[in-house]
>>> print(open('run_34.cif').read())   # mmCIF, C-alpha atoms
data_query
loop_
_atom_site.group_PDB
_atom_site.id
_atom_site.type_symbol
_atom_site.label_atom_id
_atom_site.label_comp_id
_atom_site.auth_asym_id
_atom_site.auth_seq_id
_atom_site.Cartn_x
_atom_site.Cartn_y
_atom_site.Cartn_z
ATOM 1 C CA MET A 1 100.768 137.014 117.875
ATOM 2 C CA SER A 2 98.103 136.003 115.364
ATOM 3 C CA THR A 3 98.795 139.167 113.353
ATOM 4 C CA ALA A 4 102.606 138.880 113.448
ATOM 5 C CA SER A 5 104.189 139.806 110.127
ATOM 6 C CA CYS A 6 106.764 137.551 108.561
ATOM 7 C CA TRP A 7 109.089 137.687 105.567
ATOM 8 C CA GLY A 8 109.859 134.783 103.280
ATOM 9 C CA ILE A 9 113.151 135.327 101.446
ATOM 10 C CA PHE A 10 113.816 133.643 98.104
ATOM 11 C CA ARG A 11 117.061 131.902 97.172
ATOM 12 C CA GLU A 12 119.400 133.714 94.813
ATOM 13 C CA ARG A 13 118.661 132.583 91.251
ATOM 14 C CA ALA A 14 122.335 131.801 90.684
ATOM 15 C CA HIS A 15 122.091 129.273 93.524
ATOM 16 C CA SER A 16 119.149 127.429 91.915
ATOM 17 C CA PRO A 17 120.569 126.215 88.587
ATOM 18 C CA GLY A 18 117.770 124.345 86.852
ATOM 19 C CA ARG A 19 115.579 124.548 89.990
ATOM 20 C CA GLU A 20 114.604 128.229 89.966
ATOM 21 C CA ASN A 21 110.858 127.572 89.727
ATOM 22 C CA ASP A 22 110.883 124.667 92.171
ATOM 23 C CA ASP A 23 112.765 126.694 94.787
ATOM 24 C CA ALA A 24 110.442 129.668 94.374
ATOM 25 C CA GLU A 25 107.310 127.517 94.549
ATOM 26 C CA ILE A 26 108.152 125.814 97.840
ATOM 27 C CA LEU A 27 108.693 129.222 99.441
ATOM 28 C CA ARG A 28 105.449 130.617 98.016
ATOM 29 C CA LEU A 29 103.416 127.613 99.096
ATOM 30 C CA THR A 30 104.948 127.635 102.571
ATOM 31 C CA GLY A 31 103.970 131.290 102.844
ATOM 32 C CA LYS A 32 100.355 130.483 101.973
ATOM 33 C CA HIS A 33 100.202 127.778 104.620
ATOM 34 C CA LEU A 34 101.799 130.102 107.164
ATOM 35 C CA GLU A 35 99.135 132.720 106.396
ATOM 36 C CA ALA A 36 96.545 130.064 107.212
ATOM 37 C CA GLU A 37 98.276 129.778 110.593
ATOM 38 C CA GLY A 38 97.513 133.460 111.248
ATOM 39 C CA PHE A 39 100.684 135.186 110.035
ATOM 40 C CA GLN A 40 100.947 138.068 107.587
ATOM 41 C CA VAL A 41 103.522 136.963 105.008
ATOM 42 C CA VAL A 42 105.458 139.099 102.513
ATOM 43 C CA LEU A 43 107.899 137.447 100.086
ATOM 44 C CA LYS A 44 111.176 139.231 99.341
ATOM 45 C CA GLY A 45 114.212 138.771 97.140
ATOM 46 C CA PRO A 46 117.607 138.630 98.900
ATOM 47 C CA GLU A 47 118.638 141.862 97.168
ATOM 48 C CA GLU A 48 115.917 143.655 99.147
ATOM 49 C CA LEU A 49 117.709 142.970 102.436
ATOM 50 C CA SER A 50 120.323 145.667 101.857
ATOM 51 C CA GLY A 51 117.873 148.533 102.465
ATOM 52 C CA PRO A 52 116.889 150.013 105.826
ATOM 53 C CA PHE A 53 115.028 147.665 108.137
ATOM 54 C CA ASP A 54 112.443 150.239 109.162
ATOM 55 C CA GLY A 55 109.114 148.490 109.453
ATOM 56 C CA ARG A 56 110.740 145.065 109.202
ATOM 57 C CA PRO A 57 108.595 142.109 110.298
ATOM 58 C CA ARG A 58 109.096 140.175 113.493
ATOM 59 C CA CYS A 59 110.285 136.896 111.950
ATOM 60 C CA ALA A 60 111.467 135.374 108.658
ATOM 61 C CA PHE A 61 111.949 132.088 106.833
ATOM 62 C CA LEU A 62 114.703 132.054 104.258
ATOM 63 C CA MET A 63 116.292 130.170 101.390
ATOM 64 C CA CYS A 64 119.040 132.702 100.558
ATOM 65 C CA GLU A 65 122.660 131.549 100.841
ATOM 66 C CA ARG A 66 125.058 134.320 99.852
ATOM 67 C CA LEU A 67 127.269 135.975 102.442
ATOM 68 C CA GLU A 68 125.918 139.472 101.864
ATOM 69 C CA ALA A 69 122.299 138.466 102.523
ATOM 70 C CA LEU A 70 123.256 136.316 105.496
ATOM 71 C CA ARG A 71 125.234 139.179 107.054
ATOM 72 C CA HIS A 72 122.140 141.388 106.986
ATOM 73 C CA LEU A 73 120.051 138.621 108.487
ATOM 74 C CA ARG A 74 122.549 137.878 111.261
ATOM 75 C CA ALA A 75 122.375 141.513 112.336
ATOM 76 C CA TRP A 76 118.591 141.272 112.320
ATOM 77 C CA GLU A 77 118.690 138.033 114.289
ATOM 78 C CA ALA A 78 120.973 139.651 116.886
ATOM 79 C CA GLY A 79 118.130 142.085 117.519
ATOM 80 C CA GLY A 80 115.858 139.213 118.540
ATOM 81 C CA ALA A 81 114.134 138.201 115.298
ATOM 82 C CA PRO A 82 113.587 134.417 114.993
ATOM 83 C CA LEU A 83 114.824 133.088 111.641
ATOM 84 C CA VAL A 84 114.518 129.635 110.020
ATOM 85 C CA ASN A 85 116.964 128.364 108.973
ATOM 86 C CA ARG A 86 119.284 130.474 111.103
ATOM 87 C CA PRO A 87 121.958 132.268 109.030
ATOM 88 C CA GLU A 88 124.693 130.455 110.960
ATOM 89 C CA ALA A 89 123.141 127.111 110.019
ATOM 90 C CA VAL A 90 123.071 128.112 106.345
ATOM 91 C CA LEU A 91 126.738 129.071 106.563
ATOM 92 C CA ASN A 92 127.434 125.671 108.116
ATOM 93 C CA THR A 93 126.297 124.041 104.853
ATOM 94 C CA TYR A 94 129.230 125.683 103.053
ATOM 95 C CA ARG A 95 131.307 122.602 102.319
ATOM 96 C CA VAL A 96 134.422 123.540 104.254
ATOM 97 C CA ARG A 97 132.327 124.019 107.398
ATOM 98 C CA MET A 98 130.110 121.020 106.753
ATOM 99 C CA VAL A 99 133.047 118.634 106.350
ATOM 100 C CA THR A 100 134.632 119.634 109.660
ATOM 101 C CA ARG A 101 131.378 119.701 111.650
ATOM 102 C CA LEU A 102 130.063 116.361 110.450
ATOM 103 C CA ALA A 103 133.453 114.754 111.057
ATOM 104 C CA ALA A 104 133.498 116.199 114.594
ATOM 105 C CA ALA A 105 130.014 114.751 115.168
ATOM 106 C CA GLY A 106 131.322 111.279 114.308
ATOM 107 C CA LEU A 107 128.865 110.785 111.455
ATOM 108 C CA PRO A 108 129.456 108.401 108.519
ATOM 109 C CA PHE A 109 130.314 111.112 106.008
ATOM 110 C CA VAL A 110 132.237 110.559 102.790
ATOM 111 C CA GLU A 111 135.990 110.984 103.198
ATOM 112 C CA SER A 112 136.770 114.596 102.285
ATOM 113 C CA ARG A 113 140.009 116.491 101.820
ATOM 114 C CA ILE A 114 140.104 120.278 101.835
ATOM 115 C CA VAL A 115 142.836 121.441 99.472
ATOM 116 C CA PRO A 116 144.041 124.715 97.949
ATOM 117 C CA THR A 117 142.959 125.082 94.334
ATOM 118 C CA THR A 118 146.456 126.278 93.458
ATOM 119 C CA GLY A 119 147.830 122.790 94.041
ATOM 120 C CA GLY A 120 148.629 120.566 96.974
ATOM 121 C CA PRO A 121 149.690 117.105 98.074
ATOM 122 C CA GLY A 122 148.356 114.481 95.659
ATOM 123 C CA HIS A 123 144.842 113.818 94.497
ATOM 124 C CA GLY A 124 143.961 110.759 96.596
ATOM 125 C CA ALA A 125 141.825 107.867 95.411
ATOM 126 C CA LEU A 126 140.477 107.919 91.869
ATOM 127 C CA PRO A 127 138.000 108.477 90.418
ATOM 128 C CA ALA A 128 137.048 111.455 92.546
ATOM 129 C CA TRP A 129 134.758 114.449 92.809
ATOM 130 C CA VAL A 130 136.213 117.945 92.978
ATOM 131 C CA LYS A 131 133.867 120.494 94.563
ATOM 132 C CA ARG A 132 134.238 124.145 95.447
ATOM 133 C CA ALA A 133 134.663 124.406 99.203
ATOM 134 C CA ASP A 134 132.040 127.029 99.907
ATOM 135 C CA VAL A 135 128.550 127.077 98.394
ATOM 136 C CA HIS A 136 126.807 124.224 96.623
ATOM 137 C CA ASN A 137 126.562 123.813 92.871
ATOM 138 C CA THR A 138 125.804 127.156 91.177
ATOM 139 C CA ARG A 139 127.260 126.606 87.692
ATOM 140 C CA GLU A 140 129.302 124.272 85.543
ATOM 141 C CA GLY A 141 132.688 123.627 87.125
ATOM 142 C CA ASP A 142 131.523 123.880 90.740
ATOM 143 C CA VAL A 143 131.221 120.093 91.041
ATOM 144 C CA VAL A 144 133.363 117.997 88.683
ATOM 145 C CA PHE A 145 133.719 114.241 88.298
ATOM 146 C CA ALA A 146 137.417 113.519 87.803
ATOM 147 C CA PRO A 147 138.378 110.014 86.635
ATOM 148 C CA THR A 148 142.117 110.781 86.473
ATOM 149 C CA GLY A 149 144.725 112.814 88.289
ATOM 150 C CA GLU A 150 144.927 115.131 85.294
ATOM 151 C CA ALA A 151 141.181 115.722 85.520
ATOM 152 C CA VAL A 152 141.519 116.579 89.216
ATOM 153 C CA GLU A 153 144.215 119.123 88.417
ATOM 154 C CA ALA A 154 142.139 120.615 85.603
ATOM 155 C CA ALA A 155 139.131 120.990 87.894
ATOM 156 C CA LEU A 156 141.243 122.675 90.563
ATOM 157 C CA HIS A 157 142.765 124.988 87.979
ATOM 158 C CA GLY A 158 139.294 125.961 86.764
ATOM 159 C CA LEU A 159 138.206 126.882 90.292
ATOM 160 C CA ALA A 160 141.422 128.816 90.940
ATOM 161 C CA ALA A 161 140.929 130.805 87.726
ATOM 162 C CA ARG A 162 137.564 131.959 89.093
ATOM 163 C CA GLY A 163 139.106 133.154 92.370
ATOM 164 C CA ILE A 164 137.921 130.183 94.445
ATOM 165 C CA ALA A 165 140.735 129.440 96.882
ATOM 166 C CA ARG A 166 139.797 126.021 98.245
ATOM 167 C CA ALA A 167 138.190 122.826 97.056
ATOM 168 C CA VAL A 168 136.967 119.586 98.582
ATOM 169 C CA ILE A 169 138.065 116.311 96.991
ATOM 170 C CA GLN A 170 135.972 113.231 97.683
ATOM 171 C CA PRO A 171 136.357 109.684 96.329
ATOM 172 C CA HIS A 172 133.679 108.372 93.999
ATOM 173 C CA LEU A 173 131.745 105.652 95.821
ATOM 174 C CA GLU A 174 129.688 102.870 94.280
ATOM 175 C CA GLY A 175 126.174 102.156 95.468
ATOM 176 C CA ASP A 176 122.643 103.502 95.336
ATOM 177 C CA LEU A 177 122.370 107.274 95.575
ATOM 178 C CA VAL A 178 119.380 108.386 97.630
ATOM 179 C CA LYS A 179 118.108 111.884 98.267
ATOM 180 C CA PHE A 180 116.217 112.962 101.362
ATOM 181 C CA TYR A 181 114.169 115.830 102.751
ATOM 182 C CA GLY A 182 113.585 116.662 106.406
ATOM 183 C CA VAL A 183 111.726 119.140 108.589
ATOM 184 C CA GLY A 184 112.560 119.351 112.279
ATOM 185 C CA VAL A 185 114.950 117.116 114.166
ATOM 186 C CA GLU A 186 113.009 116.642 117.405
ATOM 187 C CA ALA A 187 109.446 115.510 118.070
ATOM 188 C CA PRO A 188 107.342 118.698 117.662
ATOM 189 C CA GLY A 189 104.623 117.584 120.085
ATOM 190 C CA PRO A 190 102.851 114.611 121.683
ATOM 191 C CA GLY A 191 102.262 111.869 119.144
ATOM 192 C CA GLU A 192 104.176 113.724 116.420
ATOM 193 C CA THR A 193 107.523 112.981 114.784
ATOM 194 C CA PRO A 194 109.853 115.007 112.570
ATOM 195 C CA TRP A 195 108.883 114.859 108.890
ATOM 196 C CA PHE A 196 111.254 112.866 106.645
ATOM 197 C CA ARG A 197 111.127 111.438 103.116
ATOM 198 C CA TRP A 198 113.728 109.738 100.930
ATOM 199 C CA PHE A 199 113.760 108.710 97.277
ATOM 200 C CA TYR A 200 115.950 107.576 94.391
ATOM 201 C CA PRO A 201 116.879 110.260 91.834
ATOM 202 C CA LYS A 202 114.866 109.747 88.664
ATOM 203 C CA ASP A 203 117.984 109.630 86.444
ATOM 204 C CA GLN A 204 119.383 106.633 88.343
ATOM 205 C CA GLN A 205 118.693 102.918 87.940
ATOM 206 C CA PRO A 206 119.400 101.719 91.481
ATOM 207 C CA VAL A 207 120.391 98.220 92.462
ATOM 208 C CA ARG A 208 117.995 98.765 95.387
ATOM 209 C CA TYR A 209 120.216 97.567 98.170
ATOM 210 C CA PRO A 210 118.252 97.168 101.412
ATOM 211 C CA ILE A 211 117.704 100.545 103.090
ATOM 212 C CA ASP A 212 116.923 101.006 106.758
ATOM 213 C CA GLY A 213 114.731 104.097 106.415
ATOM 214 C CA GLY A 214 114.689 104.698 110.157
ATOM 215 C CA ARG A 215 118.480 104.678 110.360
ATOM 216 C CA LEU A 216 118.732 107.010 107.377
ATOM 217 C CA ALA A 217 116.285 109.409 109.049
ATOM 218 C CA ARG A 218 118.255 109.326 112.304
ATOM 219 C CA LEU A 219 121.569 109.937 110.539
ATOM 220 C CA ALA A 220 120.083 112.823 108.558
ATOM 221 C CA ALA A 221 118.618 114.350 111.717
ATOM 222 C CA ARG A 222 121.955 114.041 113.537
ATOM 223 C CA ALA A 223 123.698 115.722 110.624
ATOM 224 C CA ALA A 224 121.084 118.501 110.527
ATOM 225 C CA THR A 225 121.516 119.000 114.269
ATOM 226 C CA ALA A 226 125.300 119.217 113.892
ATOM 227 C CA LEU A 227 124.821 122.033 111.373
ATOM 228 C CA GLY A 228 121.896 123.682 113.160
ATOM 229 C CA LEU A 229 119.385 123.082 110.353
ATOM 230 C CA GLU A 230 115.630 122.781 110.835
ATOM 231 C CA VAL A 231 114.543 122.543 107.177
ATOM 232 C CA TYR A 232 117.010 120.512 105.159
ATOM 233 C CA GLY A 233 117.799 118.026 102.418
ATOM 234 C CA GLY A 234 120.739 115.953 101.356
ATOM 235 C CA ASP A 235 122.276 112.967 99.616
ATOM 236 C CA ALA A 236 123.462 109.618 100.911
ATOM 237 C CA LEU A 237 124.919 106.464 99.394
ATOM 238 C CA VAL A 238 123.737 102.969 100.279
ATOM 239 C CA SER A 239 126.255 100.229 99.505
ATOM 240 C CA ALA A 240 125.851 96.485 99.081
ATOM 241 C CA PRO A 241 126.007 95.571 102.797
ATOM 242 C CA GLY A 242 123.309 98.144 103.528
ATOM 243 C CA GLU A 243 125.812 100.647 104.851
ATOM 244 C CA ILE A 244 124.833 104.319 104.659
ATOM 245 C CA VAL A 245 127.313 107.113 103.962
ATOM 246 C CA LEU A 246 126.215 110.736 103.953
ATOM 247 C CA LEU A 247 127.403 112.681 100.912
ATOM 248 C CA ASP A 248 125.894 116.140 101.318
ATOM 249 C CA LEU A 249 123.513 118.265 103.356
ATOM 250 C CA ASN A 250 121.859 121.501 102.301
ATOM 251 C CA ALA A 251 119.541 124.109 103.735
ATOM 252 C CA TRP A 252 115.927 124.229 102.554
ATOM 253 C CA PRO A 253 115.848 122.290 99.248
ATOM 254 C CA SER A 254 113.036 122.514 96.691
ATOM 255 C CA PHE A 255 111.080 119.531 98.118
ATOM 256 C CA ALA A 256 109.849 119.176 94.526
ATOM 257 C CA LEU A 257 108.530 115.600 94.763
ATOM 258 C CA TYR A 258 106.668 116.320 98.005
ATOM 259 C CA ARG A 259 105.984 120.050 97.688
ATOM 260 C CA ASP A 260 102.392 120.173 98.930
ATOM 261 C CA GLU A 261 103.018 117.852 101.860
ATOM 262 C CA ALA A 262 106.305 119.498 102.798
ATOM 263 C CA ALA A 263 105.026 123.087 102.591
ATOM 264 C CA ALA A 264 102.232 122.343 105.065
ATOM 265 C CA ARG A 265 104.664 120.647 107.452
ATOM 266 C CA ILE A 266 107.244 123.434 107.162
ATOM 267 C CA ALA A 267 104.598 126.068 107.861
ATOM 268 C CA SER A 268 103.435 124.185 110.969
ATOM 269 C CA HIS A 269 107.038 123.985 112.135
ATOM 270 C CA LEU A 270 107.553 127.715 111.506
ATOM 271 C CA ALA A 271 104.347 128.627 113.332
ATOM 272 C CA ARG A 272 105.480 126.681 116.402
ATOM 273 C CA ARG A 273 108.971 128.136 116.310
ATOM 274 C CA PHE A 274 107.868 131.702 115.815
ATOM 275 C CA SER A 275 105.063 131.471 118.370
ATOM 276 C CA GLU A 276 107.530 130.302 121.037
ATOM 277 C CA VAL A 277 109.540 133.505 120.591
ATOM 278 C CA LEU A 278 106.807 136.024 119.771
ATOM 279 C CA ARG A 279 104.150 135.210 122.337
#
>>> encode(input="run_34.cif", output="structure tokens")
Amino acid sequence: MSTASCWGIFRERAHSPGRENDDAEILRLTGKHLEAEGFQVVLKGPEELSGPFDGRPRCAFLMCERLEALRHLRAWEAGGAPLVNRPEAVLNTYRVRMVTRLAAAGLPFVESRIVPTTGGPGHGALPAWVKRADVHNTREGDVVFAPTGEAVEAALHGLAARGIARAVIQPHLEGDLVKFYGVGVEAPGPGETPWFRWFYPKDQQPVRYPIDGGRLARLAARAATALGLEVYGGDALVSAPGEIVLLDLNAWPSFALYRDEAAARIASHLARRFSEVLR
């Protein structure tokens, strides 16, 4: 097992607007740490998955998100290759899936309505956020703050003009926005705990309402479990009474503020996961 080969697959550049370097660096650094664990690591672009899989490695860790790449990886996974995050888990972060799964799990997730972009019943509470219902933010117009009903309609029209059939509308909530990163959702071994960090975005001046970091970590882990994620990030809102509402969850973020620490922890997690299957 110590010589097992492994691919690391980059995220599509279009899915890393403004974070291209950060996303690439966390994958590269994770690969270096995984090599220190005894694996042979080769980094690939998602476009390289469409070729024949002759000589493919025995396992892979991935940041890619597009359907075409995930289809190739699902076929590979069906043949027994362990993948992190699993392609199905990545697909579960598409908003339309995420909304339904987190609601079914009974988690405190922001109220979300899935609507056709060609028009539907009302716009709900205002102001609101209009978001494409599949992938996360890839370009201007994918996530739009809409203070009025007219702005909601304009945002929906813009998505429809690009061939995007559905959108998610969420009310704008007041409070402190916090971002979080996580690796693993269960204790990886005796005396160990899943890795979790949270922080305020640097462009925000938070009120700094009291935050129960342990509760936030548990909610994030429950949400990750509901989607099947092992390496994840997300957003939450903390309101005046200290209430926490989850706003978003995504697969394998850039971990930019904690890159060195996170890469080592991710690699340890990958080594355990892959060793369980490959030994």
>>> atom_distance(input="run_34.cif", atom1="CA of Asp176 (chain A)", atom2="CA of Pro253 (chain A)")
20.4 Å
>>> resolve_selection(input="run_34.cif", expression="the PyMOL selection byres ((chain A and resi 204) around 12)", output="PDB file with C-alpha atoms, in the frame of the given file")
ATOM      1  CA  GLY A 175     126.174 102.156  95.468  1.00  0.00           C
ATOM      2  CA  ASP A 176     122.643 103.502  95.336  1.00  0.00           C
ATOM      3  CA  LEU A 177     122.370 107.274  95.575  1.00  0.00           C
ATOM      4  CA  VAL A 178     119.380 108.386  97.630  1.00  0.00           C
ATOM      5  CA  LYS A 179     118.108 111.884  98.267  1.00  0.00           C
ATOM      6  CA  PHE A 199     113.760 108.710  97.277  1.00  0.00           C
ATOM      7  CA  TYR A 200     115.950 107.576  94.391  1.00  0.00           C
ATOM      8  CA  PRO A 201     116.879 110.260  91.834  1.00  0.00           C
ATOM      9  CA  LYS A 202     114.866 109.747  88.664  1.00  0.00           C
ATOM     10  CA  ASP A 203     117.984 109.630  86.444  1.00  0.00           C
ATOM     11  CA  GLN A 205     118.693 102.918  87.940  1.00  0.00           C
ATOM     12  CA  PRO A 206     119.400 101.719  91.481  1.00  0.00           C
ATOM     13  CA  VAL A 207     120.391  98.220  92.462  1.00  0.00           C
ATOM     14  CA  ARG A 208     117.995  98.765  95.387  1.00  0.00           C
TER      15      ARG A 208
END
>>> closest_residue(input="run_34.cif", among="A:Ala160, A:Val144, A:Val90, A:Val41", to="His172 (chain A)", atoms="only C-alpha atoms")
A:Val144
>>> atom_distance(input="run_34.cif", atom1="CA of Ala223 (chain A)", atom2="CA of Ala69 (chain A)")
24.2 Å
>>> resolve_selection(input="run_34.cif", expression="the PyMOL selection byres ((chain A and resi 49) around 12)", output="VMD selection string")
chain A and resid 7 to 10 43 to 48 50 to 54 56 60 62 64 66 to 76
>>> residues_around(input="run_34.cif", residues="Thr100 (chain A)", least_positions_apart="3", cutoff="12 Å", atoms="only C-alpha atoms", output="PyMOL selection string")
chain A and resi 92-97+103-107+109-114+133+168+223+226-227
>>> closest_residue(input="run_34.cif", among="A:Leu83, A:Ile266, A:Gly213, A:Phe61", to="Pro194 (chain A)", atoms="all atoms listed in the file")
A:Ile266
>>> closest_residue(input="run_34.cif", among="A:Gly163, A:Gly184, A:Gly124, A:Gly234", to="Pro147 (chain A)", atoms="all atoms listed in the file")
A:Gly124
>>> resolve_selection(input="run_34.cif", expression="the PyMOL selection byres ((chain A and resi 13-17) around 9)", output="tab-separated table (two decimals) with C-alpha atoms, in the coordinates of the input")
chain	number	residue	atom	x	y	z
A	10	PHE	CA	113.82	133.64	98.10
A	11	ARG	CA	117.06	131.90	97.17
A	12	GLU	CA	119.40	133.71	94.81
A	18	GLY	CA	117.77	124.34	86.85
A	19	ARG	CA	115.58	124.55	89.99
A	20	GLU	CA	114.60	128.23	89.97
A	21	ASN	CA	110.86	127.57	89.73
A	22	ASP	CA	110.88	124.67	92.17
A	23	ASP	CA	112.76	126.69	94.79
A	64	CYS	CA	119.04	132.70	100.56
A	65	GLU	CA	122.66	131.55	100.84
A	66	ARG	CA	125.06	134.32	99.85
A	135	VAL	CA	128.55	127.08	98.39
A	136	HIS	CA	126.81	124.22	96.62
A	137	ASN	CA	126.56	123.81	92.87
A	138	THR	CA	125.80	127.16	91.18
A	139	ARG	CA	127.26	126.61	87.69
>>> axis_aligned_box(input="run_34.cif", around="region 227-241 of chain A", padding_each_side="4 Å", output="AutoDock Vina command-line options")
--center_x 120.4 --center_y 109.6 --center_z 106.1 --size_x 19.7 --size_y 36.1 --size_z 22.1
>>> residues_around(input="run_34.cif", residues="Leu216 (chain A)", least_positions_apart="4", cutoff="10 Å", atoms="all atoms listed in the file", output="list in words")
Val178, Phe180, Phe196, Arg197, Trp198, Ile211, Asp212, Ala220, Ala221, Arg222, Ala236, Val238, Glu243, Ile244, Val245 and Leu246 of chain A
>>> write_last_selection(input="run_34.cif", atoms="C-alpha atoms", output="PDB file, in the coordinates of the input")
ATOM      1  CA  VAL A 178     119.380 108.386  97.630  1.00  0.00           C
ATOM      2  CA  PHE A 180     116.217 112.962 101.362  1.00  0.00           C
ATOM      3  CA  PHE A 196     111.254 112.866 106.645  1.00  0.00           C
ATOM      4  CA  ARG A 197     111.127 111.438 103.116  1.00  0.00           C
ATOM      5  CA  TRP A 198     113.728 109.738 100.930  1.00  0.00           C
ATOM      6  CA  ILE A 211     117.704 100.545 103.090  1.00  0.00           C
ATOM      7  CA  ASP A 212     116.923 101.006 106.758  1.00  0.00           C
ATOM      8  CA  ALA A 220     120.083 112.823 108.558  1.00  0.00           C
ATOM      9  CA  ALA A 221     118.618 114.350 111.717  1.00  0.00           C
ATOM     10  CA  ARG A 222     121.955 114.041 113.537  1.00  0.00           C
ATOM     11  CA  ALA A 236     123.462 109.618 100.911  1.00  0.00           C
ATOM     12  CA  VAL A 238     123.737 102.969 100.279  1.00  0.00           C
ATOM     13  CA  GLU A 243     125.812 100.647 104.851  1.00  0.00           C
ATOM     14  CA  ILE A 244     124.833 104.319 104.659  1.00  0.00           C
ATOM     15  CA  VAL A 245     127.313 107.113 103.962  1.00  0.00           C
ATOM     16  CA  LEU A 246     126.215 110.736 103.953  1.00  0.00           C
TER      17      LEU A 246
END
>>> atom_distance(input="run_34.cif", atom1="CA of Leu34 (chain A)", atom2="CA of Arg272 (chain A)")
10.5 Å
>>> closest_residue(input="run_34.cif", among="A:Ala4, A:Val99, A:Ala24, A:Leu29", to="Ala264 (chain A)", atoms="only C-alpha atoms")
A:Leu29
>>> closest_residue(input="run_34.cif", among="A:Val42, A:Ser239, A:Ala154, A:Val231", to="Glu174 (chain A)", atoms="all atoms listed in the file")
A:Ser239
>>> closest_residue(input="run_34.cif", among="A:Leu247, A:Leu173, A:Ala151, A:Val183", to="Leu270 (chain A)", atoms="only C-alpha atoms")
A:Val183
>>> residues_around(input="run_34.cif", residues="Leu156 (chain A)", least_positions_apart="4", cutoff="8 Å", atoms="only C-alpha atoms", output="VMD selection string")
chain A and resid 117 to 119 130 152 160 167
>>> decode(input="run_34.cif", residues="region 149-161 of chain A", atoms="C-alpha atoms", output="PDB file, in the first residue's frame")
ATOM      1  CA  GLY A 149     -39.194  42.612  -6.413  1.00  0.00           C
ATOM      2  CA  GLU A 150     -38.048  44.147  -9.684  1.00  0.00           C
ATOM      3  CA  ALA A 151     -34.461  43.216  -8.845  1.00  0.00           C
ATOM      4  CA  VAL A 152     -35.536  39.628  -8.149  1.00  0.00           C
ATOM      5  CA  GLU A 153     -37.238  39.443 -11.532  1.00  0.00           C
ATOM      6  CA  ALA A 154     -34.206  40.936 -13.273  1.00  0.00           C
ATOM      7  CA  ALA A 155     -31.901  38.396 -11.638  1.00  0.00           C
ATOM      8  CA  LEU A 156     -34.167  35.525 -12.660  1.00  0.00           C
ATOM      9  CA  HIS A 157     -34.363  36.864 -16.198  1.00  0.00           C
ATOM     10  CA  GLY A 158     -30.567  37.040 -16.371  1.00  0.00           C
ATOM     11  CA  LEU A 159     -30.248  33.395 -15.325  1.00  0.00           C
ATOM     12  CA  ALA A 160     -32.961  32.302 -17.764  1.00  0.00           C
ATOM     13  CA  ALA A 161     -31.185  34.100 -20.618  1.00  0.00           C
TER      14      ALA A 161
END
